[in-house]
Amino acid sequence: MYQVTFSEQSMHELNKLDTLAQLSALEPLSSLKAADLAHPREPLGRFSRSGKEFYRLRAGDYRFYFQIQTDTLHVHYILHRNSLEDFLLRNKLPVSEQQLVEQHSKFWKYLESLTK
């Protein structure tokens, strides 16, 4: 069993949920074992970004993006499954958080222009 720590972004997302929803979302993460991480299968995935190994875990409507740090799982991001940020991260597009904020409205305006 691993200890779980959270980044500022992930804590902010967790705090938006009521207590029961938090427990439900965190249950799959808190029950991960070393064998699960060694051989990830759905809903768990592994990918590399900038030479670092990350894991993605689907839990209900959320995806947890985390790294293993010795006996700790450090959650960097908690993203809603239908968000632009989740799409960009899953598709390994190189983008910073600042770029996401700047591009968000432009992206949606672009999509709207395609329907005209």
# chains A, B, ... in the order shown; residues from 1 in each chain; ligands from 1
>>> residues_around(residues="Gly45 (chain A)", least_positions_apart="5", cutoff="12 Å", atoms="only C-alpha atoms", output="mmCIF file with N, CA and C atoms, in the first residue's frame")
data_model
loop_
_atom_site.group_PDB
_atom_site.id
_atom_site.type_symbol
_atom_site.label_atom_id
_atom_site.label_comp_id
_atom_site.auth_asym_id
_atom_site.auth_seq_id
_atom_site.Cartn_x
_atom_site.Cartn_y
_atom_site.Cartn_z
ATOM 1 N N ASP A 36 0.125 -3.955 -9.616
ATOM 2 C CA ASP A 36 -0.721 -3.200 -10.545
ATOM 3 C C ASP A 36 0.114 -2.192 -11.321
ATOM 4 N N LEU A 37 1.022 -1.529 -10.625
ATOM 5 C CA LEU A 37 1.853 -0.510 -11.253
ATOM 6 C C LEU A 37 2.920 -1.125 -12.156
ATOM 7 N N ALA A 38 3.380 -2.324 -11.822
ATOM 8 C CA ALA A 38 4.390 -2.995 -12.638
ATOM 9 C C ALA A 38 3.820 -3.429 -13.983
ATOM 10 N N HIS A 39 2.557 -3.829 -13.985
ATOM 11 C CA HIS A 39 1.896 -4.297 -15.208
ATOM 12 C C HIS A 39 0.528 -3.633 -15.331
ATOM 13 N N PRO A 40 0.498 -2.341 -15.703
ATOM 14 C CA PRO A 40 -0.771 -1.614 -15.731
ATOM 15 C C PRO A 40 -1.743 -2.157 -16.779
ATOM 16 N N GLU A 53 8.374 9.024 -15.909
ATOM 17 C CA GLU A 53 7.287 8.071 -16.045
ATOM 18 C C GLU A 53 6.079 8.520 -15.222
ATOM 19 N N PHE A 54 4.939 8.592 -15.887
ATOM 20 C CA PHE A 54 3.681 8.966 -15.252
ATOM 21 C C PHE A 54 2.678 7.829 -15.388
ATOM 22 N N TYR A 55 1.703 7.838 -14.505
ATOM 23 C CA TYR A 55 0.595 6.893 -14.561
ATOM 24 C C TYR A 55 -0.698 7.676 -14.654
ATOM 25 N N ARG A 56 -1.691 7.065 -15.306
ATOM 26 C CA ARG A 56 -3.017 7.644 -15.402
ATOM 27 C C ARG A 56 -3.997 6.613 -14.868
ATOM 28 N N LEU A 57 -4.872 7.035 -13.983
ATOM 29 C CA LEU A 57 -5.877 6.139 -13.426
ATOM 30 C C LEU A 57 -7.247 6.773 -13.612
ATOM 31 N N ARG A 58 -8.134 6.040 -14.293
ATOM 32 C CA ARG A 58 -9.512 6.488 -14.430
ATOM 33 C C ARG A 58 -10.294 6.071 -13.199
ATOM 34 N N ARG A 63 -9.741 11.592 -13.974
ATOM 35 C CA ARG A 63 -8.494 10.897 -14.252
ATOM 36 C C ARG A 63 -7.430 11.476 -13.330
ATOM 37 N N PHE A 64 -6.698 10.576 -12.689
ATOM 38 C CA PHE A 64 -5.606 10.945 -11.804
ATOM 39 C C PHE A 64 -4.299 10.723 -12.566
ATOM 40 N N TYR A 65 -3.458 11.736 -12.613
ATOM 41 C CA TYR A 65 -2.143 11.636 -13.238
ATOM 42 C C TYR A 65 -1.113 11.742 -12.122
ATOM 43 N N PHE A 66 -0.293 10.690 -11.963
ATOM 44 C CA PHE A 66 0.610 10.641 -10.818
ATOM 45 C C PHE A 66 1.933 9.976 -11.168
ATOM 46 N N GLN A 67 2.898 10.131 -10.264
ATOM 47 C CA GLN A 67 4.207 9.496 -10.357
ATOM 48 C C GLN A 67 4.453 8.715 -9.078
ATOM 49 N N ARG A 90 -3.678 13.459 -22.253
ATOM 50 C CA ARG A 90 -3.753 12.069 -22.720
ATOM 51 C C ARG A 90 -3.123 11.895 -24.087
#
>>> residues_around(residues="Leu73 (chain A)", least_positions_apart="4", cutoff="8 Å", atoms="only C-alpha atoms", output="number ranges by chain")
A: 2-5, 66-69
>>> closest_residue(among="A:Asp71, A:Ile78, A:Arg46, A:Ala59", to="Ser10 (chain A)", atoms="only C-alpha atoms")
A:Ile78
>>> atom_distance(atom1="CA of Leu79 (chain A)", atom2="CA of Leu29 (chain A)")
14.1 Å
>>> residues_around(residues="Ser31 (chain A)", least_positions_apart="3", cutoff="9 Å", atoms="only C-alpha atoms", output="JSON, numbers by chain")
{"A": [1, 2, 26, 27, 28]}
>>> closest_residue(among="A:Leu44, A:Ala35, A:Val75, A:Leu89", to="Gln9 (chain A)", atoms="only C-alpha atoms")
A:Val75
